[in-house]
$ cat upload_5.cif   # mmCIF, C-alpha atoms
data_target
#
loop_
_atom_site.label_atom_id
_atom_site.label_comp_id
_atom_site.auth_asym_id
_atom_site.auth_seq_id
_atom_site.Cartn_x
_atom_site.Cartn_y
_atom_site.Cartn_z
CA MET A 1 0.00 0.00 0.00
CA ALA A 2 2.82 2.37 0.88
CA SER A 3 4.45 1.72 -2.48
CA GLY A 4 1.13 2.49 -4.16
CA ARG A 5 0.85 5.83 -2.35
CA ASN A 6 4.42 6.69 -3.30
CA PHE A 7 3.66 5.89 -6.92
CA MET A 8 0.61 8.17 -6.88
CA ARG A 9 2.62 11.00 -5.28
CA ALA A 10 5.13 10.74 -8.13
CA PHE A 11 2.56 10.21 -10.86
CA LEU A 12 0.00 12.95 -10.09
CA PRO A 13 2.39 15.92 -10.52
CA CYS A 14 3.50 14.46 -13.85
CA LEU A 15 -0.13 14.10 -14.89
CA ALA A 16 -0.87 17.73 -13.91
CA LEU A 17 2.18 18.95 -15.81
CA GLY A 18 1.15 16.99 -18.90
CA ALA A 19 -2.37 18.43 -18.74
CA SER A 20 -1.04 21.99 -18.44
CA LEU A 21 1.22 21.43 -21.42
CA LEU A 22 -1.69 20.16 -23.49
CA LEU A 23 -3.92 23.08 -22.50
CA SER A 24 -1.37 25.85 -22.98
CA PRO A 25 -2.07 27.63 -26.30
CA ALA A 26 1.38 29.17 -26.34
CA LEU A 27 3.07 25.78 -26.68
CA HIS A 28 1.03 24.52 -29.62
CA ALA A 29 -0.14 27.60 -31.55
CA ALA A 30 1.74 29.21 -34.38
CA SER A 31 3.67 32.34 -33.43
CA PRO A 32 3.16 35.68 -35.21
CA PRO A 33 5.70 37.07 -37.69
CA GLN A 34 8.71 38.97 -36.40
CA GLN A 35 10.20 42.18 -37.74
CA PRO A 36 11.44 41.80 -41.33
CA LYS A 37 15.22 41.80 -41.64
CA SER A 38 15.24 44.50 -44.30
CA GLY A 39 13.08 46.84 -46.33
CA PRO A 40 10.05 48.83 -45.15
CA GLY A 41 9.40 48.14 -41.48
CA GLY A 42 12.66 46.17 -41.39
CA ALA A 43 15.69 46.10 -39.11
CA ASP A 44 18.27 47.20 -41.71
CA TYR A 45 18.96 50.39 -39.80
CA VAL A 46 21.44 53.06 -40.86
CA ALA A 47 22.22 53.92 -37.22
CA SER A 48 22.53 52.07 -33.93
CA GLU A 49 22.20 55.00 -31.52
CA VAL A 50 19.47 57.63 -31.24
CA VAL A 51 19.91 61.12 -29.81
CA LYS A 52 17.03 62.05 -27.46
CA ARG A 53 16.56 65.67 -26.41
CA ALA A 54 13.99 68.38 -25.79
CA ILE A 55 13.84 71.87 -27.21
CA GLY A 56 11.70 74.84 -26.28
CA ARG A 57 10.86 75.24 -22.61
CA SER A 58 8.88 73.53 -19.88
CA SER A 59 5.48 74.97 -20.82
CA ALA A 60 6.07 74.58 -24.58
CA ALA A 61 8.38 71.67 -25.34
CA SER A 62 9.03 69.35 -28.26
CA PHE A 63 11.03 66.14 -28.03
CA VAL A 64 13.52 65.53 -30.83
CA PHE A 65 14.99 62.20 -31.94
CA HIS A 66 17.53 61.41 -34.65
CA ALA A 67 20.50 59.19 -35.37
CA ALA A 68 23.71 60.01 -33.53
CA ASP A 69 25.67 61.23 -36.53
CA GLU A 70 26.06 64.21 -38.83
CA PRO A 71 24.16 63.31 -41.99
CA ALA A 72 25.64 63.90 -45.42
CA GLN A 73 22.18 64.97 -46.64
CA PRO A 74 19.30 66.69 -44.83
CA ARG A 75 17.08 64.28 -42.92
CA PRO A 76 13.44 63.69 -43.89
CA VAL A 77 11.20 64.99 -41.09
CA VAL A 78 8.44 63.09 -39.30
CA VAL A 79 6.24 65.15 -36.97
CA PHE A 80 4.51 62.75 -34.57
CA PHE A 81 1.23 63.97 -33.00
CA HIS A 82 0.30 61.94 -29.93
CA ALA A 83 -3.07 60.77 -28.66
CA TRP A 84 -4.91 62.91 -26.11
CA GLY A 85 -3.33 62.27 -22.73
CA ALA A 86 -0.39 60.34 -24.23
CA ALA A 87 2.09 63.23 -24.23
CA ASN A 88 5.03 61.04 -23.21
CA PRO A 89 6.97 59.70 -26.25
CA GLN A 90 7.64 56.56 -24.23
CA VAL A 91 4.31 55.05 -25.33
CA TYR A 92 5.40 55.28 -28.99
CA GLY A 93 9.08 54.61 -28.28
CA GLY A 94 9.46 51.57 -30.52
CA TRP A 95 8.03 53.38 -33.56
CA ILE A 96 10.02 56.55 -32.86
CA GLU A 97 13.24 54.55 -32.52
CA HIS A 98 12.49 52.75 -35.80
CA LEU A 99 11.96 56.06 -37.61
CA ALA A 100 15.08 57.66 -36.16
CA ARG A 101 17.31 54.66 -36.87
CA LYS A 102 15.99 54.58 -40.44
CA GLY A 103 17.38 58.10 -40.87
CA HIS A 104 14.43 60.38 -40.09
CA LEU A 105 14.39 63.42 -37.84
CA VAL A 106 11.42 62.87 -35.50
CA ILE A 107 9.76 65.85 -33.81
CA PHE A 108 7.27 65.02 -31.07
CA PRO A 109 5.48 68.28 -30.11
CA ARG A 110 3.92 68.12 -26.64
CA PHE A 111 0.87 70.13 -27.68
CA GLN A 112 -1.07 69.13 -24.55
CA GLU A 113 -0.35 69.70 -20.89
CA VAL A 114 -2.50 66.97 -19.39
CA GLY A 115 -5.26 68.48 -17.27
CA ARG A 116 -4.47 72.02 -18.42
CA THR A 117 -4.95 72.17 -22.20
CA ARG A 118 -8.35 72.46 -23.83
CA PRO A 119 -8.90 70.55 -27.09
CA GLY A 120 -9.83 73.81 -28.81
CA ASP A 121 -6.35 75.20 -28.06
CA ALA A 122 -4.36 72.13 -29.10
CA THR A 123 -3.98 72.97 -32.80
CA ALA A 124 -2.63 76.47 -32.10
CA ASN A 125 -0.21 74.99 -29.57
CA ALA A 126 1.01 72.45 -32.11
CA VAL A 127 1.46 75.11 -34.81
CA ALA A 128 3.67 77.20 -32.51
CA LEU A 129 5.69 74.18 -31.35
CA VAL A 130 6.37 72.82 -34.83
CA ARG A 131 7.30 76.22 -36.19
CA GLU A 132 9.67 76.89 -33.29
CA ALA A 133 11.22 73.43 -33.49
CA LEU A 134 11.93 73.65 -37.21
CA ALA A 135 13.39 77.14 -36.82
CA GLU A 136 15.71 76.03 -34.01
CA LEU A 137 16.77 72.83 -35.77
CA ALA A 138 17.37 74.44 -39.18
CA SER A 139 20.97 75.35 -38.30
CA ASP A 140 21.65 72.21 -36.24
CA ALA A 141 24.32 70.10 -38.00
CA GLN A 142 23.06 66.84 -36.46
CA ALA A 143 19.33 67.40 -36.88
CA ARG A 144 19.49 69.00 -40.35
CA PRO A 145 15.79 68.89 -41.30
CA ASP A 146 14.76 68.70 -44.94
CA PRO A 147 11.75 71.06 -45.39
CA ASN A 148 10.95 69.41 -48.72
CA ARG A 149 10.47 65.98 -47.16
CA VAL A 150 8.04 66.32 -44.27
CA ALA A 151 5.49 63.74 -43.11
CA PHE A 152 2.89 63.90 -40.33
CA ILE A 153 1.81 60.95 -38.18
CA GLY A 154 -1.24 61.40 -35.97
CA HIS A 155 -2.85 58.95 -33.54
CA THR A 156 -6.49 59.37 -32.39
CA ALA A 157 -6.81 63.06 -31.36
CA GLY A 158 -3.35 63.65 -32.83
CA ALA A 159 -4.86 62.75 -36.20
CA GLY A 160 -7.01 65.87 -36.07
CA ILE A 161 -3.98 67.97 -35.15
CA ALA A 162 -2.06 66.48 -38.10
CA VAL A 163 -4.69 67.30 -40.72
CA ASN A 164 -5.27 70.74 -39.19
CA LEU A 165 -1.60 71.66 -39.48
CA ALA A 166 -1.53 70.41 -43.04
CA ALA A 167 -4.53 72.61 -43.85
CA GLN A 168 -2.97 75.64 -42.15
CA ALA A 169 0.61 75.08 -43.31
CA LYS A 170 0.67 77.84 -45.91
CA ALA A 171 -1.04 80.40 -43.68
CA GLU A 172 1.18 79.53 -40.71
CA ASN A 173 4.44 79.50 -42.69
CA LEU A 174 5.04 75.80 -42.14
CA PRO A 175 6.44 73.40 -44.76
CA PRO A 176 3.46 71.49 -46.19
CA PRO A 177 3.67 67.76 -45.52
CA LYS A 178 4.09 65.40 -48.45
CA LEU A 179 2.34 62.70 -46.40
CA ILE A 180 -0.36 62.73 -43.72
CA PHE A 181 -0.58 59.30 -42.10
CA VAL A 182 -3.29 59.09 -39.44
CA VAL A 183 -4.06 55.98 -37.41
CA MET A 184 -7.25 55.35 -35.43
CA PRO A 185 -8.43 58.99 -35.79
CA GLY A 186 -10.71 60.16 -32.99
CA GLY A 187 -11.40 62.83 -30.41
CA ILE A 188 -12.76 65.15 -33.12
CA ALA A 189 -15.57 67.63 -32.42
CA ARG A 190 -18.70 66.82 -34.43
CA ASP A 191 -19.79 70.46 -34.41
CA ALA A 192 -19.11 73.78 -32.68
CA LYS A 193 -21.00 72.70 -29.53
CA SER A 194 -19.44 69.27 -28.99
CA ARG A 195 -16.23 68.27 -27.23
CA GLY A 196 -13.11 67.44 -29.14
CA ILE A 197 -10.53 68.82 -31.56
CA PRO A 198 -12.26 71.20 -34.01
CA LEU A 199 -11.32 70.36 -37.59
CA ALA A 200 -9.93 73.12 -39.77
CA ASP A 201 -11.02 73.71 -43.34
CA LEU A 202 -9.49 70.60 -44.87
CA SER A 203 -10.11 71.88 -48.37
CA GLN A 204 -6.93 73.87 -47.74
CA VAL A 205 -4.79 70.70 -47.64
CA ASP A 206 -2.47 70.95 -50.63
CA ALA A 207 -3.40 68.86 -53.66
CA SER A 208 0.08 67.32 -53.80
CA THR A 209 -0.32 65.77 -50.33
CA MET A 210 -0.74 62.02 -49.86
CA LEU A 211 -3.44 61.36 -47.25
CA ILE A 212 -3.74 57.91 -45.66
CA THR A 213 -6.22 57.07 -42.92
CA MET A 214 -5.77 53.73 -41.17
CA ILE A 215 -8.10 52.08 -38.67
CA GLY A 216 -8.42 48.65 -37.07
CA ASP A 217 -11.38 46.27 -36.88
CA ARG A 218 -11.67 46.44 -33.08
CA GLU A 219 -13.39 49.40 -31.33
CA PHE A 220 -13.48 51.03 -34.74
CA ARG A 221 -16.82 52.79 -35.14
CA ALA A 222 -15.71 56.32 -34.22
CA ALA A 223 -12.42 55.94 -36.11
CA ASP A 224 -14.29 54.69 -39.17
CA ALA A 225 -16.51 57.79 -39.27
CA VAL A 226 -13.70 60.27 -38.61
CA ALA A 227 -11.37 58.67 -41.18
CA LYS A 228 -14.05 58.93 -43.87
CA ARG A 229 -14.81 62.52 -42.86
CA MET A 230 -11.16 63.54 -43.22
CA LEU A 231 -10.87 61.93 -46.63
CA HIS A 232 -14.14 63.51 -47.77
CA GLU A 233 -13.35 67.05 -46.53
CA ALA A 234 -9.84 67.13 -48.07
CA THR A 235 -11.49 68.02 -51.37
CA GLU A 236 -8.40 69.36 -53.14
CA VAL A 237 -6.47 66.11 -52.65
CA PRO A 238 -7.31 63.92 -55.66
CA ALA A 239 -8.61 60.39 -55.19
CA ASN A 240 -5.37 58.87 -56.46
CA ARG A 241 -3.50 60.52 -53.58
CA LYS A 242 -5.62 59.26 -50.68
CA THR A 243 -6.71 55.89 -49.38
CA PHE A 244 -8.54 54.19 -46.53
CA ILE A 245 -6.79 51.25 -44.84
CA ARG A 246 -8.21 48.75 -42.38
CA ALA A 247 -6.02 46.43 -40.29
CA LEU A 248 -7.63 43.10 -39.47
CA SER A 249 -7.31 41.14 -36.25
CA ASP A 250 -6.17 37.52 -36.59
CA ASP A 251 -6.28 34.79 -33.93
CA HIS A 252 -4.82 31.96 -36.01
CA GLY A 253 -1.90 31.71 -33.57
CA PHE A 254 -0.72 32.89 -30.18
CA PRO A 255 -0.54 35.65 -29.18
CA ALA A 256 -3.36 36.83 -31.39
CA ILE A 257 -3.02 39.96 -33.52
CA SER A 258 -5.57 42.51 -32.29
CA ALA A 259 -6.14 45.78 -34.18
CA THR A 260 -7.41 47.94 -31.32
CA LEU A 261 -7.32 51.73 -30.88
CA ALA A 262 -4.18 51.33 -28.75
CA SER A 263 -2.39 48.98 -31.14
CA PRO A 264 -0.13 51.71 -32.68
CA GLY A 265 1.51 52.10 -29.26
CA SER A 266 4.92 50.46 -28.81
CA VAL A 267 6.19 51.23 -25.33
CA LYS A 268 9.92 51.64 -24.89
CA ASP A 269 11.32 52.96 -21.60
CA ALA A 270 14.41 54.42 -23.25
CA PHE A 271 12.13 57.11 -24.73
CA ASP A 272 10.57 58.18 -21.43
CA GLY A 273 10.10 61.93 -21.71
CA THR A 274 10.35 62.40 -17.94
CA LYS A 275 14.03 61.41 -18.19
CA ILE A 276 14.81 63.91 -20.95
CA ARG A 277 15.84 67.31 -19.65
CA ILE A 278 13.52 70.11 -20.74
CA PRO A 279 14.79 73.72 -20.56
CA PRO A 280 12.92 75.66 -17.83
CA ASP A 281 10.54 78.51 -18.52
CA PRO A 282 12.18 81.93 -18.30
CA PRO A 283 11.05 84.05 -15.32
CA GLY A 284 7.74 85.77 -16.02
CA ASP A 285 7.05 83.81 -19.22
CA PRO A 286 3.48 84.77 -20.24
CA ARG A 287 2.70 81.37 -21.79
CA ALA A 288 3.65 79.56 -18.60
CA GLN A 289 1.60 82.02 -16.54
CA ARG A 290 -1.48 81.52 -18.71
CA GLN A 291 -1.09 77.77 -18.46
CA ALA A 292 -0.78 77.93 -14.67
CA ARG A 293 -4.03 79.92 -14.45
CA GLN A 294 -5.92 77.44 -16.65
CA LYS A 295 -8.66 75.69 -14.67
CA TRP A 296 -9.62 72.11 -15.34
CA SER A 297 -12.90 71.36 -17.07
CA PRO A 298 -14.51 68.11 -18.29
CA ASP A 299 -13.76 69.20 -21.85
CA MET A 300 -10.04 68.58 -21.21
CA ALA A 301 -10.66 64.84 -20.81
CA LEU A 302 -12.46 64.54 -24.19
CA SER A 303 -14.17 61.32 -23.09
CA GLY A 304 -13.91 58.39 -20.71
CA GLU A 305 -12.58 56.28 -23.58
CA GLN A 306 -9.51 58.53 -23.82
CA SER A 307 -8.38 57.68 -20.28
CA VAL A 308 -8.86 53.98 -21.02
CA LEU A 309 -6.84 54.38 -24.21
CA VAL A 310 -3.91 55.97 -22.35
CA SER A 311 -3.78 53.10 -19.87
CA GLN A 312 -3.88 50.61 -22.75
CA LEU A 313 -1.10 52.45 -24.58
CA ALA A 314 1.08 52.32 -21.47
CA ALA A 315 0.92 48.50 -21.56
CA ASN A 316 1.17 47.98 -25.32
CA ALA A 317 4.40 46.26 -26.37
CA THR A 318 5.79 46.23 -29.90
CA ASP A 319 4.32 43.39 -31.96
CA SER A 320 3.66 42.10 -35.49
CA LEU A 321 1.00 44.72 -36.16
CA ASP A 322 3.61 47.41 -35.55
CA TYR A 323 6.25 45.84 -37.78
CA TRP A 324 4.01 44.78 -40.67
CA GLY A 325 1.06 47.13 -40.26
CA TYR A 326 1.98 50.61 -39.09
CA TRP A 327 5.79 50.81 -39.53
CA LYS A 328 5.98 49.08 -42.90
CA THR A 329 2.95 50.89 -44.29
CA PHE A 330 4.26 54.29 -43.24
CA ASP A 331 7.76 53.54 -44.58
CA MET A 332 6.36 52.61 -47.98
CA ALA A 333 3.97 55.57 -48.06
CA ALA A 334 6.69 58.06 -47.10
CA ALA A 335 9.06 56.74 -49.77
CA ALA A 336 6.28 57.04 -52.36
CA ALA A 337 5.18 60.50 -51.24
CA PHE A 338 8.72 61.89 -51.13
CA SER A 339 9.40 60.59 -54.64
CA GLY A 340 6.17 61.96 -56.15
CA LYS A 341 4.31 58.65 -56.55
CA ASP A 342 0.61 58.33 -55.78
CA VAL A 343 -1.44 55.93 -53.69
CA GLN A 344 -2.42 53.81 -56.68
CA ALA A 345 1.25 52.88 -57.12
CA LEU A 346 1.23 51.64 -53.52
CA ARG A 347 -1.97 49.66 -53.91
CA ASN A 348 -0.56 48.02 -57.03
CA ASP A 349 2.34 46.70 -54.94
CA PRO A 350 1.30 43.45 -53.17
CA ASN A 351 3.84 44.14 -50.41
CA PHE A 352 1.84 47.19 -49.32
CA THR A 353 -0.97 45.10 -47.81
CA ASP A 354 1.10 42.01 -46.97
CA MET A 355 1.24 41.08 -43.28
CA SER A 356 3.66 38.13 -43.67
CA ARG A 357 2.93 34.65 -42.25
CA TRP A 358 2.50 32.83 -38.99
CA SER A 359 5.31 30.45 -38.05
CA ASP A 360 3.39 27.51 -39.55
CA GLY A 361 3.30 29.24 -42.94
CA TRP A 362 -0.32 30.38 -42.78
CA PRO A 363 -0.72 33.96 -44.12
CA VAL A 364 -1.70 36.66 -41.66
CA LYS A 365 -4.84 38.53 -42.74
CA ARG A 366 -3.81 41.23 -45.18
CA LEU A 367 -4.47 44.93 -44.78
CA SER A 368 -7.40 46.27 -46.75
CA ALA A 369 -6.53 49.37 -48.81
CA ILE A 370 -9.40 50.85 -50.80
CA ASP A 371 -10.45 54.04 -52.56
CA PRO A 372 -11.71 56.77 -50.22
CA PRO A 373 -15.25 55.75 -49.18
CA ARG A 374 -18.02 58.32 -49.07
CA ALA A 375 -18.34 60.19 -45.78
CA ASP A 376 -21.89 58.85 -45.37
CA THR A 377 -20.94 55.23 -46.04
CA PRO A 378 -22.22 53.30 -43.00
CA ALA A 379 -19.81 51.33 -40.89
CA PRO A 380 -20.28 47.56 -40.72
CA LYS A 381 -23.14 46.56 -38.42
CA ALA A 382 -20.90 44.68 -36.01
CA VAL A 383 -17.25 44.55 -35.14
CA PRO A 384 -15.92 41.45 -36.89
CA ALA A 385 -14.48 38.98 -34.42
CA PRO A 386 -11.19 37.42 -35.52
CA SER A 387 -11.98 34.03 -37.02
CA LYS A 388 -9.91 30.92 -36.42
CA ALA A 389 -8.35 30.01 -39.74
CA PRO A 390 -7.92 26.28 -40.41
CA VAL A 391 -4.46 24.87 -39.96
CA PRO A 392 -3.02 24.23 -43.43
CA ARG A 393 -2.29 20.66 -44.40
CA GLY A 394 0.85 19.45 -46.04
CA LYS A 395 4.18 21.19 -46.08
CA PRO A 396 3.95 24.77 -44.69
CA MET A 397 4.92 27.63 -46.93
CA SER A 398 8.15 29.31 -45.89
CA ALA A 399 7.73 32.57 -44.01
CA ARG A 400 8.77 35.71 -45.80
#
$ encode --input "upload_5.cif" --output "structure tokens"
Amino acid sequence: MASGRNFMRAFLPCLALGASLLLSPALHAASPPQQPKSGPGGADYVASEVVKRAIGRSSAASFVFHAADEPAQPRPVVVFFHAWGAANPQVYGGWIEHLARKGHLVIFPRFQEVGRTRPGDATANAVALVREALAELASDAQARPDPNRVAFIGHTAGAGIAVNLAAQAKAENLPPPKLIFVVMPGGIARDAKSRGIPLADLSQVDASTMLITMIGDREFRAADAVAKRMLHEATEVPANRKTFIRALSDDHGFPAISATLASPGSVKDAFDGTKIRIPPDPPGDPRAQRQARQKWSPDMALSGEQSVLVSQLAANATDSLDYWGYWKTFDMAAAAAFSGKDVQALRNDPNFTDMSRWSDGWPVKRLSAIDPPRADTPAPKAVPAPSKAPVPRGKPMSAR
């Protein structure tokens, strides 16, 4: 009997371990694709180190990132407009590092002081910050911005800031962007009485601009409507220079690919803005004094969803959707826009919508890139849940 009990003591833990191994999806599911070794979105970087600094002053600062070298040619400029409440570049650190190591000069204007800035003031703040940053960096031998190659990236409320600056570029003496790339646009005021970022007259966006709006298939209803509105109101931009892209979730493997509002985030602690020294405000600075007197109002929060989004961004690690969705797509769009190509040339390239393959060779759901839909085109009736694709039989196709 004793020997039987001893056997059971030895056997039961083994049985439990075997059951846990069988139940664990991570051990048996295909893994998502990794960063490509080269090309758009790829790891063939021109630099290994990134300079991180702040310019301006405490109440009106922009973070600046670029490779740690003196470039032989001026650097293409990417102005990155953050989500409402996500004023720390840390939450986009992976994407910013990718852009800087690819050779871009990245300017991250902190157009919002959380709890102090009203959405209606954000565009004017961003205009002043970008103008001041470009003026200060123009004579900087390391930064060396190229005013003829400028692109804007905007995420949720930052998308509205991006299109507004593009519309006001000529009037505000800013270099017009060759590319506006907005992801999960939101936080936009529907009319003069509603909360949010008021949209400028988008008919003023230059006809030579490439305009790309990109949303996901999770939590997408507001982003869907705003993306279509932006495309519709940018009337001077011809149809062959703008497109609507949807990223699709995919649960074929583990971890699943989930195209949520927070999915463009790619947290990297090395880009924590609280660790980058910001020059102090000069004594008696009127802008700092006005900001200190600003009283909080519910309008400053935009909506409850915005606070949820910020917490999700703070926990969002870099993943396949970053590499193959946002980073690769932007890289290809910027190269096309800077060289004078249009969106149709991108859509004709199968790599533009390719999302690579799971480790078992099964293709990840491709991006959907279509002509600009009408502003009144209804969104799908329900958010499509990621479907479980069947496991392919036979010899898997090699991953690209």
$ resolve_selection --input "upload_5.cif" --expression "the PyMOL selection byres ((chain A and resi 161-164) around 7)" --output "list in words"
Phe81, Thr123, Phe152, Ile153, Gly154, Ala157, Gly158, Ala159, Gly160, Leu165, Ala166, Ala167, Gln168, Ile180, Leu199 and Ala200 of chain A
$ resolve_selection --input "upload_5.cif" --expression "the PyMOL selection byres ((chain A and resi 113) around 9)" --output "ChimeraX atom specification"
/A:59-60,85,87,110-112,114-118,291
$ resolve_selection --input "upload_5.cif" --expression "the PyMOL selection byres ((chain A and resi 106) around 9)" --output "ChimeraX atom specification"
/A:63-66,76-80,96,99-100,104-105,107-108
$ closest_residue --input "upload_5.cif" --among "A:Arg218, A:His155, A:Arg287, A:Arg347" --to "Ile257 of chain A" --atoms "all atoms listed in the file"
A:Arg218
$ closest_residue --input "upload_5.cif" --among "A:Val267, A:Pro286, A:Asn348, A:Thr318" --to "Val91 of chain A" --atoms "only C-alpha atoms"
A:Val267
$ residues_around --input "upload_5.cif" --residues "Tyr45 of chain A" --least-positions-apart "2" --cutoff "12 Å" --atoms "all atoms listed in the file" --output "list in words"
Pro36, Lys37, Ser38, Gly39, Pro40, Gly41, Gly42, Ala43, Ala47, Ser48, Glu49, Val50, Ala67, Glu97, His98, Leu99, Ala100, Arg101, Lys102, Gly103 and His104 of chain A
$ closest_residue --input "upload_5.cif" --among "A:Pro280, A:Ala72, A:Thr274, A:Ser62" --to "Asn125 of chain A" --atoms "all atoms listed in the file"
A:Ser62
$ closest_residue --input "upload_5.cif" --among "A:Asp250, A:Pro147, A:Gly265, A:Val308" --to "Arg357 of chain A" --atoms "all atoms listed in the file"
A:Asp250
$ atom_distance --input "upload_5.cif" --atom1 "atom CA of Pro350 of chain A" --atom2 "atom CA of Gly186 of chain A"
28.8 Å
$ closest_residue --input "upload_5.cif" --among "A:Asp44, A:Asp272, A:Asp281, A:Asp371" --to "Asn88 of chain A" --atoms "all atoms listed in the file"
A:Asp272
$ closest_residue --input "upload_5.cif" --among "A:Ala83, A:Leu248, A:Val310, A:Ala262" --to "Ile197 of chain A" --atoms "all atoms listed in the file"
A:Ala83
$ residues_around --input "upload_5.cif" --residues "Val226 of chain A" --least-positions-apart "5" --cutoff "10 Å" --atoms "only C-alpha atoms" --output "ChimeraX atom specification"
/A:156,159-160,184-190,213,215,221,231-232,375
$ decode --input "upload_5.cif" --residues "segment 175-181 of chain A" --atoms "all heavy atoms" --output "PDB file, in the first residue's frame"
ATOM      1  N   PRO A 175       6.280  74.201 -43.537  1.00  0.00           N
ATOM      2  CA  PRO A 175       6.437  73.400 -44.761  1.00  0.00           C
ATOM      3  C   PRO A 175       5.268  72.431 -44.901  1.00  0.00           C
ATOM      4  O   PRO A 175       4.953  71.702 -43.952  1.00  0.00           O
ATOM      5  CB  PRO A 175       7.762  72.662 -44.533  1.00  0.00           C
ATOM      6  CG  PRO A 175       7.972  72.675 -43.058  1.00  0.00           C
ATOM      7  CD  PRO A 175       7.345  73.924 -42.550  1.00  0.00           C
ATOM      8  N   PRO A 176       4.591  72.413 -46.030  1.00  0.00           N
ATOM      9  CA  PRO A 176       3.455  71.485 -46.185  1.00  0.00           C
ATOM     10  C   PRO A 176       3.945  70.044 -46.201  1.00  0.00           C
ATOM     11  O   PRO A 176       4.962  69.733 -46.821  1.00  0.00           O
ATOM     12  CB  PRO A 176       2.849  71.885 -47.528  1.00  0.00           C
ATOM     13  CG  PRO A 176       3.968  72.546 -48.268  1.00  0.00           C
ATOM     14  CD  PRO A 176       4.825  73.219 -47.228  1.00  0.00           C
ATOM     15  N   PRO A 177       3.243  69.156 -45.522  1.00  0.00           N
ATOM     16  CA  PRO A 177       3.670  67.759 -45.517  1.00  0.00           C
ATOM     17  C   PRO A 177       3.412  67.086 -46.856  1.00  0.00           C
ATOM     18  O   PRO A 177       2.398  67.338 -47.506  1.00  0.00           O
ATOM     19  CB  PRO A 177       2.809  67.129 -44.414  1.00  0.00           C
ATOM     20  CG  PRO A 177       1.560  67.963 -44.419  1.00  0.00           C
ATOM     21  CD  PRO A 177       2.015  69.362 -44.733  1.00  0.00           C
ATOM     22  N   LYS A 178       4.320  66.223 -47.258  1.00  0.00           N
ATOM     23  CA  LYS A 178       4.095  65.403 -48.445  1.00  0.00           C
ATOM     24  C   LYS A 178       3.175  64.228 -48.134  1.00  0.00           C
ATOM     25  O   LYS A 178       2.522  63.690 -49.017  1.00  0.00           O
ATOM     26  CB  LYS A 178       5.427  64.864 -48.976  1.00  0.00           C
ATOM     27  CG  LYS A 178       6.421  65.929 -49.406  1.00  0.00           C
ATOM     28  CD  LYS A 178       5.941  66.701 -50.615  1.00  0.00           C
ATOM     29  CE  LYS A 178       7.013  67.663 -51.110  1.00  0.00           C
ATOM     30  NZ  LYS A 178       6.527  68.511 -52.224  1.00  0.00           N
ATOM     31  N   LEU A 179       3.150  63.838 -46.833  1.00  0.00           N
ATOM     32  CA  LEU A 179       2.338  62.704 -46.401  1.00  0.00           C
ATOM     33  C   LEU A 179       1.671  63.026 -45.077  1.00  0.00           C
ATOM     34  O   LEU A 179       2.310  63.524 -44.156  1.00  0.00           O
ATOM     35  CB  LEU A 179       3.210  61.452 -46.248  1.00  0.00           C
ATOM     36  CG  LEU A 179       2.572  60.246 -45.548  1.00  0.00           C
ATOM     37  CD1 LEU A 179       1.430  59.658 -46.389  1.00  0.00           C
ATOM     38  CD2 LEU A 179       3.612  59.160 -45.250  1.00  0.00           C
ATOM     39  N   ILE A 180       0.369  62.743 -45.002  1.00  0.00           N
ATOM     40  CA  ILE A 180      -0.355  62.729 -43.723  1.00  0.00           C
ATOM     41  C   ILE A 180      -0.779  61.285 -43.501  1.00  0.00           C
ATOM     42  O   ILE A 180      -1.514  60.700 -44.307  1.00  0.00           O
ATOM     43  CB  ILE A 180      -1.605  63.624 -43.751  1.00  0.00           C
ATOM     44  CG1 ILE A 180      -1.274  65.032 -44.239  1.00  0.00           C
ATOM     45  CG2 ILE A 180      -2.238  63.680 -42.363  1.00  0.00           C
ATOM     46  CD1 ILE A 180      -2.513  65.869 -44.514  1.00  0.00           C
ATOM     47  N   PHE A 181      -0.310  60.703 -42.401  1.00  0.00           N
ATOM     48  CA  PHE A 181      -0.578  59.298 -42.096  1.00  0.00           C
ATOM     49  C   PHE A 181      -1.246  59.263 -40.729  1.00  0.00           C
ATOM     50  O   PHE A 181      -0.595  59.453 -39.709  1.00  0.00           O
ATOM     51  CB  PHE A 181       0.747  58.518 -42.081  1.00  0.00           C
ATOM     52  CG  PHE A 181       0.605  57.027 -41.942  1.00  0.00           C
ATOM     53  CD1 PHE A 181       0.342  56.228 -43.043  1.00  0.00           C
ATOM     54  CD2 PHE A 181       0.761  56.412 -40.703  1.00  0.00           C
ATOM     55  CE1 PHE A 181       0.231  54.847 -42.917  1.00  0.00           C
ATOM     56  CE2 PHE A 181       0.661  55.038 -40.569  1.00  0.00           C
ATOM     57  CZ  PHE A 181       0.394  54.245 -41.682  1.00  0.00           C
TER      58      PHE A 181
END
